[in-house]
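Raw contents of model-v8.cif, mmCIF, C-alpha atoms:
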data_coords
#
loop_
_atom_site.label_atom_id
_atom_site.label_comp_id
_atom_site.auth_asym_id
_atom_site.auth_seq_id
_atom_site.Cartn_x
_atom_site.Cartn_y
_atom_site.Cartn_z
CA MET Z 17 18.07 103.35 105.46
CA ILE Z 18 15.34 103.69 102.82
CA ILE Z 19 16.38 104.96 99.37
CA LYS Z 20 13.68 105.66 96.78
CA LYS Z 21 13.23 107.56 93.53
CA TYR Z 22 10.38 109.90 92.59
CA VAL Z 23 9.53 111.51 89.27
CA GLY Z 24 7.78 114.82 88.64
CA LYS Z 25 7.58 117.69 86.20
CA THR Z 26 9.80 119.74 88.50
CA GLU Z 27 12.21 118.99 91.33
CA ASN Z 28 9.79 120.49 93.85
CA GLU Z 29 6.93 118.32 92.60
CA ALA Z 30 8.98 115.12 92.90
CA THR Z 31 10.31 116.15 96.32
CA GLU Z 32 6.82 116.97 97.56
CA GLU Z 33 5.64 113.52 96.43
CA ALA Z 34 8.49 111.96 98.43
CA ARG Z 35 7.60 113.98 101.52
CA LYS Z 36 3.96 112.90 101.29
CA GLU Z 37 4.99 109.23 101.36
CA LEU Z 38 8.08 109.23 103.60
CA GLY Z 39 7.66 112.37 105.71
CA THR Z 40 9.63 115.57 106.12
CA ASN Z 41 12.82 113.88 107.38
CA ILE Z 42 13.93 112.83 103.90
CA VAL Z 43 17.30 113.88 102.50
CA VAL Z 44 17.67 114.60 98.78
CA MET Z 45 20.58 112.52 97.47
CA ASN Z 46 20.46 113.14 93.73
CA VAL Z 47 18.48 115.19 91.17
CA ARG Z 48 18.70 114.48 87.45
CA PRO Z 49 16.58 114.99 84.32
CA MET Z 50 15.19 111.78 82.85
CA LYS Z 51 16.19 110.82 79.32
CA LYS Z 52 13.43 111.06 76.74
CA THR Z 53 12.94 107.94 74.60
CA GLY Z 54 10.82 107.17 71.57
CA PHE Z 55 9.34 109.38 68.88
CA LEU Z 56 6.49 110.63 71.06
CA SER Z 57 9.02 111.95 73.56
CA LEU Z 58 9.42 115.01 71.30
CA PHE Z 59 5.98 116.12 72.42
CA GLN Z 60 6.41 115.30 76.09
CA SER Z 61 7.64 117.70 78.77
CA GLN Z 62 10.92 117.07 80.59
CA LYS Z 63 10.64 114.89 83.72
CA ILE Z 64 12.86 115.22 86.79
CA GLU Z 65 13.96 112.23 88.89
CA VAL Z 66 14.77 112.85 92.55
CA THR Z 67 16.51 110.20 94.70
CA VAL Z 68 15.81 110.60 98.41
CA ALA Z 69 16.92 108.79 101.55
CA LEU Z 70 15.26 108.25 104.90
CA GLU Z 71 17.34 107.11 107.84
CA ASP Z 72 14.60 104.99 109.35
CA GLU Z 73 11.09 103.74 108.66
CA PRO Z 74 8.62 106.65 108.55
CA GLU Z 75 6.82 107.07 111.81
CA LYS Z 76 3.10 106.37 111.94
CA PRO Z 77 1.01 109.54 112.17
CA ALA Z 78 -0.09 110.36 115.68
CA VAL Z 79 -3.74 110.25 116.65
CA ARG Z 80 -5.30 113.66 116.11
CA THR Z 81 -5.92 115.45 119.40
CA LEU Z 82 -6.04 119.04 118.17
CA SER Z 83 -8.92 120.91 116.62
CA PRO Z 84 -8.98 120.97 112.80
CA GLN Z 85 -8.30 124.74 112.74
CA ARG Z 86 -5.28 124.44 115.06
CA GLU Z 87 -3.91 121.42 113.17
CA ASN Z 88 -4.19 123.20 109.80
CA ALA Z 89 -2.29 126.17 111.19
CA LEU Z 90 0.47 123.92 112.54
CA ASN Z 91 0.71 122.02 109.26
CA SER Z 92 1.07 125.26 107.31
CA GLN Z 93 3.81 126.44 109.65
CA ARG Z 94 5.57 123.04 109.45
CA ASP Z 95 5.49 123.10 105.64
CA THR Z 96 7.07 126.56 105.59
CA ILE Z 97 9.84 125.49 107.96
CA ALA Z 98 10.43 122.22 106.07
CA SER Z 99 10.70 124.04 102.74
CA ALA Z 100 13.29 126.46 104.13
CA THR Z 101 15.18 123.60 105.79
CA LEU Z 102 15.21 121.61 102.54
CA ASN Z 103 16.80 124.48 100.60
CA ALA Z 104 19.40 125.07 103.31
CA THR Z 105 20.16 121.36 103.49
CA LYS Z 106 20.79 121.18 99.73
CA VAL Z 107 23.35 123.98 99.91
CA ARG Z 108 25.11 122.37 102.86
CA GLU Z 109 25.01 118.90 101.26
CA ASN Z 110 26.60 120.09 98.02
CA LYS Z 111 29.48 121.60 100.01
CA ASP Z 112 29.79 118.47 102.18
CA ILE Z 113 29.94 116.21 99.13
CA ARG Z 114 32.66 118.32 97.51
CA ASP Z 115 34.69 118.33 100.72
CA ASP Z 116 34.23 114.58 101.27
CA ASN Z 117 35.19 113.84 97.67
CA SER Z 118 38.51 115.64 98.16
CA ALA Z 119 39.07 113.80 101.41
CA ILE Z 120 38.41 110.43 99.78
CA GLU Z 121 41.00 111.20 97.11
CA GLU Z 122 43.58 111.85 99.85
CA LYS Z 123 42.78 108.84 102.03
CA LEU Z 124 42.29 106.02 99.52
CA ASP Z 125 46.03 105.68 98.88
CA ASN Z 126 46.75 105.30 102.59
CA LEU Z 127 43.92 102.80 103.00
CA SER Z 128 45.18 100.79 100.03
CA SER Z 129 48.66 100.53 101.54
CA LEU Z 130 47.28 99.59 104.93
CA LEU Z 131 45.06 96.89 103.46
CA GLU Z 132 47.92 95.49 101.43
CA LYS Z 133 50.06 95.11 104.56
CA ASN Z 134 47.26 93.32 106.38
CA PHE Z 135 46.65 90.91 103.50
CA LEU Z 136 50.34 90.05 103.41
CA LYS Z 137 50.20 89.14 107.11
CA THR Z 138 47.26 86.76 106.82
CA ASP Z 139 45.30 84.88 104.20
CA LYS Z 140 42.13 84.85 106.23
CA GLU Z 141 39.21 86.75 104.77
CA THR Z 142 38.46 88.04 108.25
CA ALA Z 143 41.56 90.25 108.28
CA GLU Z 144 40.47 93.65 109.55
CA ILE Z 145 41.94 97.11 109.04
CA VAL Z 146 39.57 98.61 111.55
CA SER Z 147 38.24 97.33 114.83
CA GLU Z 148 34.86 95.65 114.60
CA PRO Z 149 32.09 97.01 116.81
CA SER Z 150 31.60 95.16 120.08
CA GLU Z 151 28.99 92.42 120.34
CA GLU Z 152 26.81 94.70 122.39
CA THR Z 153 26.95 97.39 119.73
CA SER Z 154 26.40 94.90 116.88
CA ALA Z 155 23.34 93.44 118.54
CA LYS Z 156 21.55 96.77 118.61
CA PRO Z 157 20.58 98.53 115.37
CA SER Z 158 21.83 102.09 115.16
CA SER Z 159 19.31 104.79 115.85
CA LYS Z 160 18.90 108.03 113.95
CA ALA Z 161 20.97 109.87 116.52
CA SER Z 162 23.87 107.42 116.11
CA VAL Z 163 24.51 108.40 112.49
CA SER Z 164 26.70 111.50 112.50
CA GLU Z 165 26.13 114.25 109.98
CA GLU Z 166 29.56 113.54 108.51
CA THR Z 167 28.76 109.83 108.09
CA LEU Z 168 25.38 110.60 106.56
CA SER Z 169 27.08 112.91 104.06
CA PHE Z 170 29.56 110.11 103.27
CA ILE Z 171 26.70 107.63 102.69
CA LYS Z 172 25.17 109.97 100.12
CA LEU Z 173 28.53 110.47 98.43
CA LEU Z 174 29.18 106.71 98.44
CA TYR Z 175 25.78 106.01 96.89
CA ASN Z 176 26.25 108.53 94.07
CA THR Z 177 29.85 107.47 93.34
CA LEU Z 178 29.02 103.76 93.05
CA ILE Z 179 25.92 104.41 90.94
CA GLU Z 180 28.00 106.63 88.64
CA ASN Z 181 30.45 103.73 88.25
CA GLU Z 182 27.48 101.50 87.30
CA VAL Z 183 27.51 99.26 90.35
CA ASP Z 184 24.05 97.69 90.55
CA GLU Z 185 21.74 99.51 92.97
CA ILE Z 186 21.08 96.29 94.90
CA TYR Z 187 24.76 96.00 95.83
CA VAL Z 188 25.05 99.75 96.47
CA ASN Z 189 22.21 99.59 98.99
CA GLN Z 190 23.86 96.63 100.70
CA LEU Z 191 27.05 98.65 101.17
CA THR Z 192 25.30 101.79 102.41
CA ASP Z 193 23.28 99.70 104.86
CA GLU Z 194 26.54 98.25 106.20
CA VAL Z 195 27.91 101.76 106.73
CA GLU Z 196 24.83 102.74 108.69
CA LYS Z 197 25.06 99.63 110.88
CA ILE Z 198 28.66 100.20 111.94
CA SER Z 199 28.33 103.96 112.44
CA LYS Z 200 28.68 105.26 115.97
CA PRO Z 201 28.50 108.81 117.39
CA GLY Z 202 31.71 110.78 116.98
CA LEU Z 203 33.30 108.46 114.42
CA PRO Z 204 34.74 110.24 111.36
CA PHE Z 205 33.90 109.05 107.88
CA ASP Z 206 37.41 107.50 107.64
CA PHE Z 207 36.03 104.59 109.63
CA ALA Z 208 33.12 104.10 107.22
CA LEU Z 209 35.35 104.50 104.15
CA ALA Z 210 37.85 101.94 105.45
CA ASN Z 211 35.03 99.51 106.22
CA VAL Z 212 33.48 99.79 102.75
CA TYR Z 213 36.89 99.55 101.06
CA GLN Z 214 37.73 96.41 102.96
CA LYS Z 215 34.36 94.72 102.43
CA MET Z 216 34.48 95.30 98.67
CA VAL Z 217 38.04 93.96 98.41
CA LEU Z 218 37.08 90.86 100.40
CA LYS Z 219 33.94 90.32 98.29
CA PHE Z 220 36.09 90.36 95.14
CA GLY Z 221 38.40 87.84 96.80
CA LYS Z 222 41.82 86.79 95.58
CA SER Z 223 42.56 86.57 91.90
CA GLU Z 224 42.91 83.04 90.52
CA PRO Z 225 45.16 83.16 87.45
CA ILE Z 226 46.77 80.15 85.80
CA ASP Z 227 48.77 78.27 88.42
CA LEU Z 228 52.38 78.06 87.28
CA GLU Z 229 53.35 75.57 89.99
CA LYS Z 230 51.09 72.69 88.94
CA GLU Z 231 52.49 70.04 86.65
CA GLY Z 232 51.00 69.52 83.19
CA PRO Z 233 49.53 68.69 80.95
CA ARG Z 234 46.58 70.97 81.59
CA ALA Z 235 44.00 72.37 79.21
CA GLU Z 236 43.21 76.06 79.54
CA ILE Z 237 39.86 76.50 77.76
CA PHE Z 238 38.58 79.96 76.82
CA ILE Z 239 34.85 80.42 76.35
CA GLY Z 240 32.64 83.43 75.75
CA PRO Z 241 30.64 85.34 73.14
CA THR Z 242 32.05 86.59 69.86
CA GLY Z 243 33.93 89.87 69.70
CA VAL Z 244 35.13 90.00 73.31
CA GLY Z 245 38.80 89.32 72.50
CA LYS Z 246 39.24 85.62 73.33
CA THR Z 247 41.84 85.00 70.62
CA THR Z 248 43.96 88.01 71.53
CA THR Z 249 43.74 87.12 75.23
CA ILE Z 250 44.95 83.59 74.49
CA ALA Z 251 47.88 85.00 72.51
CA LYS Z 252 48.87 87.25 75.42
CA LEU Z 253 48.79 84.39 77.93
CA ALA Z 254 50.54 81.98 75.56
CA SER Z 255 53.34 84.51 75.12
CA GLU Z 256 53.71 84.92 78.89
CA LEU Z 257 53.76 81.17 79.49
CA SER Z 258 56.09 80.19 76.66
CA VAL Z 259 58.50 83.13 76.51
CA THR Z 260 58.64 84.44 80.06
CA GLN Z 261 57.85 81.28 82.05
CA LYS Z 262 59.61 78.90 79.61
CA LYS Z 263 56.66 76.50 79.57
CA LYS Z 264 55.78 74.12 76.73
CA VAL Z 265 52.56 75.46 75.20
CA ALA Z 266 50.36 74.24 72.35
CA LEU Z 267 47.51 76.21 70.78
CA LEU Z 268 44.27 74.63 69.56
CA THR Z 269 41.16 76.21 68.09
CA VAL Z 270 37.75 74.68 67.56
CA ASP Z 271 36.46 77.96 66.09
CA THR Z 272 36.04 76.80 62.50
CA TYR Z 273 33.27 79.33 61.87
CA ARG Z 274 35.60 82.32 61.64
CA ILE Z 275 38.58 81.76 59.37
CA ALA Z 276 40.17 85.02 60.51
CA ALA Z 277 40.25 83.84 64.13
CA ALA Z 278 42.10 80.64 63.23
CA GLU Z 279 44.59 82.49 61.04
CA GLN Z 280 45.19 85.06 63.74
CA LEU Z 281 46.03 82.36 66.26
CA ARG Z 282 48.18 80.55 63.69
CA THR Z 283 50.18 83.74 63.19
CA TYR Z 284 50.76 84.14 66.92
CA ALA Z 285 51.82 80.48 67.19
CA SER Z 286 54.30 80.97 64.37
CA ILE Z 287 55.82 84.02 66.04
CA LEU Z 288 56.09 82.20 69.38
CA GLU Z 289 57.35 79.05 67.65
CA ILE Z 290 54.80 76.82 69.34
CA PRO Z 291 52.53 74.17 67.74
CA PHE Z 292 49.07 75.11 66.49
CA ARG Z 293 46.21 72.94 65.32
CA VAL Z 294 42.64 73.47 64.08
CA ILE Z 295 40.22 70.91 65.55
CA TYR Z 296 37.22 69.82 63.47
CA SER Z 297 35.86 66.90 65.48
CA VAL Z 298 35.80 65.26 68.90
CA ASP Z 299 38.14 62.52 67.64
CA GLU Z 300 40.68 65.14 66.55
CA MET Z 301 40.47 66.70 70.00
CA LYS Z 302 41.25 63.31 71.59
CA GLN Z 303 44.21 62.89 69.26
CA ALA Z 304 45.53 66.37 70.04
CA ALA Z 305 45.34 65.67 73.78
CA GLU Z 306 47.39 62.52 73.19
CA ASP Z 307 49.92 64.24 70.91
CA PHE Z 308 50.57 67.06 73.38
CA LYS Z 309 50.54 65.00 76.59
CA ASP Z 310 54.14 66.00 77.30
CA TYR Z 311 53.31 69.72 77.16
CA ASP Z 312 52.62 71.93 80.17
CA TYR Z 313 49.62 73.77 78.72
CA ILE Z 314 47.18 73.11 75.91
CA MET Z 315 45.34 76.37 75.28
CA VAL Z 316 41.99 76.02 73.52
CA ASP Z 317 40.10 78.77 71.70
CA THR Z 318 36.37 78.05 71.33
CA ALA Z 319 33.76 79.53 69.04
CA GLY Z 320 31.65 82.34 70.39
CA HIS Z 321 27.95 81.77 69.94
CA SER Z 322 24.53 83.28 70.46
CA LEU Z 323 22.82 82.36 73.70
CA HIS Z 324 20.01 80.92 71.60
CA ASN Z 325 22.21 78.77 69.34
CA ASP Z 326 21.83 75.42 71.11
CA GLU Z 327 23.66 73.46 68.41
CA LEU Z 328 26.86 75.50 68.65
CA LYS Z 329 26.62 75.50 72.43
CA GLN Z 330 26.48 71.68 72.42
CA ASP Z 331 29.51 71.52 70.09
CA VAL Z 332 31.61 73.63 72.47
CA GLU Z 333 30.45 71.60 75.45
CA SER Z 334 31.29 68.30 73.74
CA TYR Z 335 34.91 69.41 73.18
CA ILE Z 336 35.21 70.43 76.83
CA ARG Z 337 33.82 67.10 78.07
CA VAL Z 338 36.28 65.15 75.91
CA LEU Z 339 39.25 67.05 77.33
CA GLU Z 340 37.94 66.70 80.89
CA ASP Z 341 38.00 62.92 80.50
CA ILE Z 342 41.66 62.98 79.43
CA ILE Z 343 43.48 65.78 81.27
CA GLU Z 344 42.92 68.41 83.95
CA CYS Z 345 40.97 71.39 82.61
CA GLU Z 346 40.41 75.01 83.64
CA ASN Z 347 37.75 77.19 82.01
CA PHE Z 348 37.93 80.95 81.59
CA LEU Z 349 34.83 82.95 80.63
CA VAL Z 350 36.02 85.98 78.67
CA LEU Z 351 33.72 89.02 78.94
CA SER Z 352 34.00 92.58 77.66
CA ALA Z 353 33.85 95.29 80.32
CA THR Z 354 31.91 97.42 77.82
CA THR Z 355 28.96 94.99 77.57
CA LYS Z 356 25.68 96.02 79.20
CA TYR Z 357 25.10 94.56 82.66
CA ARG Z 358 21.88 92.82 81.65
CA ASP Z 359 23.63 91.09 78.75
CA LEU Z 360 26.59 90.13 80.94
CA ILE Z 361 24.28 88.38 83.40
CA GLU Z 362 22.53 86.45 80.61
CA ILE Z 363 25.89 85.37 79.17
CA ALA Z 364 27.28 84.37 82.57
CA ASP Z 365 24.16 82.38 83.43
CA ALA Z 366 24.18 80.58 80.08
CA TYR Z 367 27.79 79.44 80.48
CA SER Z 368 27.20 78.52 84.13
CA GLU Z 369 24.84 75.83 82.87
CA MET Z 370 27.73 74.40 80.87
CA VAL Z 371 30.83 74.54 83.10
CA ALA Z 372 32.40 76.14 86.16
CA TYR Z 373 34.69 79.00 85.17
CA ARG Z 374 36.90 81.89 86.21
CA LEU Z 375 36.41 85.38 84.78
CA ILE Z 376 38.53 87.45 82.42
CA PHE Z 377 37.42 91.01 81.64
CA THR Z 378 38.68 92.58 78.41
CA LYS Z 379 38.56 96.12 76.96
CA MET Z 380 39.05 97.77 80.33
CA ASP Z 381 40.61 100.71 78.51
CA GLU Z 382 37.37 101.33 76.62
CA THR Z 383 35.17 102.18 79.61
CA GLY Z 384 35.43 104.54 82.55
CA ALA Z 385 32.71 102.77 84.57
CA LYS Z 386 34.01 99.50 85.98
CA GLY Z 387 31.08 98.55 88.20
CA ASN Z 388 30.22 95.54 86.04
CA LEU Z 389 33.25 93.70 87.42
CA TYR Z 390 31.76 93.92 90.89
CA ASN Z 391 28.25 93.13 89.62
CA VAL Z 392 29.25 89.96 87.77
CA ARG Z 393 31.52 88.78 90.57
CA MET Z 394 28.68 89.18 93.08
CA HIS Z 395 26.14 87.54 90.76
CA THR Z 396 28.18 84.51 89.72
CA GLY Z 397 30.56 84.01 92.64
CA ALA Z 398 33.25 83.20 90.05
CA PRO Z 399 36.76 84.53 90.81
CA VAL Z 400 38.30 87.12 88.49
CA ALA Z 401 41.59 85.92 86.99
CA TYR Z 402 42.78 88.59 84.53
CA ILE Z 403 41.91 91.92 82.96
CA THR Z 404 43.09 93.24 79.60
CA ASN Z 405 43.40 96.89 78.65
CA GLY Z 406 44.45 97.03 75.01
CA GLN Z 407 45.36 95.10 71.87
CA ASN Z 408 49.13 94.90 72.35
CA VAL Z 409 50.44 91.35 72.65
CA PRO Z 410 51.69 90.39 75.19
CA ASP Z 411 51.77 93.61 77.22
CA ASP Z 412 48.13 94.61 77.69
CA ILE Z 413 47.09 91.99 80.22
CA ALA Z 414 47.41 91.81 84.01
CA ILE Z 415 46.41 89.60 86.91
CA PHE Z 416 43.28 91.07 88.47
CA ASP Z 417 43.99 93.43 91.38
CA ALA Z 418 40.90 93.91 93.57
CA GLN Z 419 42.37 96.83 95.49
CA LYS Z 420 42.96 98.91 92.36
CA ILE Z 421 39.44 98.29 91.05
CA VAL Z 422 37.79 99.04 94.40
CA LYS Z 423 39.82 102.23 94.71
CA HIS Z 424 38.50 103.28 91.30
CA LEU Z 425 34.91 102.38 92.21
CA LEU Z 426 35.12 104.52 95.35
CA GLY Z 427 36.24 107.57 93.39
CA GLY Z 428 40.02 107.26 93.62
CA LYS Z 429 42.31 107.97 90.71
#
What would the structure in this file look like if it were written as structure tokens?
Amino acid sequence: MIIKKYVGKTENEATEEARKELGTNIVVMNVRPMKKTGFLSLFQSQKIEVTVALEDEPEKPAVRTLSPQRENALNSQRDTIASATLNATKVRENKDIRDDNSAIEEKLDNLSSLLEKNFLKTDKETAEIVSEPSEETSAKPSSKASVSEETLSFIKLLYNTLIENEVDEIYVNQLTDEVEKISKPGLPFDFALANVYQKMVLKFGKSEPIDLEKEGPRAEIFIGPTGVGKTTTIAKLASELSVTQKKKVALLTVDTYRIAAAEQLRTYASILEIPFRVIYSVDEMKQAAEDFKDYDYIMVDTAGHSLHNDELKQDVESYIRVLEDIIECENFLVLSATTKYRDLIEIADAYSEMVAYRLIFTKMDETGAKGNLYNVRMHTGAPVAYITNGQNVPDDIAIFDAQKIVKHLLGGK
């Protein structure tokens, strides 16, 4: 399937431009006004962006065999029919999308339960909730006729829903392509929905939180930019480990740049009645590792830094390397779900150069679009360990649940 965007002064102008390039078989998926930016935008007319889809590559124009007069007459007639068809299609599509949206709301709960049962039966990522197409079917790409009208309507709905949830268009196109490949005549959209649901859950993979079964001591190191909630996240996990799990926990911070962060962690340590120490040098870190060797977990808060601050980056890395030489370490990159996707990728790439890590997403309660979780997971390949959804310690934290997030991304409540 080809999905492209066209811009014009009006919807008709943009649609006509799409038809000139892709042909009359296009389907309009989305129409929206473009945002004006900059001072000069005050003097510019409103632009309309139209997203269209084509089920297959546009056919090459046939060799002309008719007279010019006859061909012009046919073209005029074809344009009239195409224009009327386009308007009728839009009306039908809007109704189809509304109906499919209601159906998705009803079916996602059942699909979630079914998936959960299958995952409990097997740990293999190949666990299926629907039958895979036969080898013969898989070997042959689906033709235009093989995509039912119901499935095509679902593909458009899927595309718009994922884009609205800020899933990157690259990954959205991958998912819609998969739907088209597995579609067969007569199959309801339930089959396509179940397939997409399952694939997204499997791509997220299993959550990898702190392993409570392993023996200590182990260092749990929290890295990430400033302002994402590292300190509060550490306090939540320390409370769970020390109070609920009855583990011996020590808190360390190497963030000597923000006095408030150190004092905040000191306050939490005092409430939990666990040791706390501020680390100013590599030697002090070595000593702390020795002093707390009988503890289960040594939780380390690091200083957030700009991606361009090489000196601070090297300081954080030096502390991590020291601990790695002494005890087993696990790194958690803490990211805010409200951060722009482009910035998230830059942050993730910068820390990837330093260490391997798992992901923690904070401030989930501050955004309705959760597509960045899928985007970063797909970009980095790093497993998601936890999400946080508020400031309350220790309540507002949970082990990442892929099924809940995917259900949300697909339009479920």
Take every atom of region 171-183 of chain Z listed in the file, fit an axis-aligned box around them, add 3 Å per side, and give the centre and edge lengths in Å to one decimal as lines of an AutoDock Vina configuration file.
center_x = 27.8
center_y = 104.9
center_z = 95.0
size_x = 11.3
size_y = 17.2
size_z = 21.4
Exercise. Excluding region 281-291 of chain Z and any residue of its chain fewer than 6 positions from it, enumerate the residues within 9 Å of it, using only C-alpha atoms, and give them as a PyMOL selection string.
Key: chain Z and resi 247-248+250-251+254-255+258-259+264-269+317
Could you tell me, as a compact mmCIF listing (two decimals) with C-alpha atoms, in the frame of the given file, exactly which residues end up selected when the PyMOL selection byres ((chain Z and resi 324-337) around 9) is applied to this structure?
# COMPACT_ATOMS: atom_id res chain seq x y z
CA ILE Z 237 39.86 76.50 77.76
CA ILE Z 239 34.85 80.42 76.35
CA VAL Z 270 37.75 74.68 67.56
CA SER Z 297 35.86 66.90 65.48
CA VAL Z 298 35.80 65.26 68.90
CA MET Z 301 40.47 66.70 70.00
CA LYS Z 302 41.25 63.31 71.59
CA THR Z 318 36.37 78.05 71.33
CA ALA Z 319 33.76 79.53 69.04
CA GLY Z 320 31.65 82.34 70.39
CA HIS Z 321 27.95 81.77 69.94
CA SER Z 322 24.53 83.28 70.46
CA LEU Z 323 22.82 82.36 73.70
CA VAL Z 338 36.28 65.15 75.91
CA LEU Z 339 39.25 67.05 77.33
CA GLU Z 340 37.94 66.70 80.89
CA ASP Z 341 38.00 62.92 80.50
CA ILE Z 342 41.66 62.98 79.43
CA CYS Z 345 40.97 71.39 82.61
CA ASN Z 347 37.75 77.19 82.01
CA MET Z 370 27.73 74.40 80.87
CA VAL Z 371 30.83 74.54 83.10
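Each of Z:Leu257, Z:Val183, Z:Leu70, Z:Ala235 was checked against Ile421 (chain Z) using only C-alpha atoms; the smallest atom-to-atom distance is that of Z:Val183.
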Self-check item: All residues 10 Å or closer to region 395-404 of chain Z, all atoms listed in the file, same chain fewer than 6 positions away omitted, as a PyMOL selection string
Solution: chain Z and resi 187+219-226+245+248-249+252-253+348-353+361+364-365+368+372-381+389+411-418
Self-check item: d(CA of Val392 (chain Z), CA of Leu174 (chain Z)) in Å
Solution: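 CA of Leu174 (chain Z) lies at a distance of 19.9 Å from CA of Val392 (chain Z).
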Exercise. Please measure the separation of CA of Ile186 (chain Z) and CA of Leu173 (chain Z), giving the value in Å to one decimal.
Key: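 Between these atoms lies a distance of 16.4 Å.
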Quiz item: For Asp310 (chain Z), which residue among Z:Arg234, Z:Arg293, Z:Arg358, Z:Lys36 is the nearest when counting only C-alpha atoms?
Solution: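 The closest residue to Asp310 (chain Z) is Z:Arg234.
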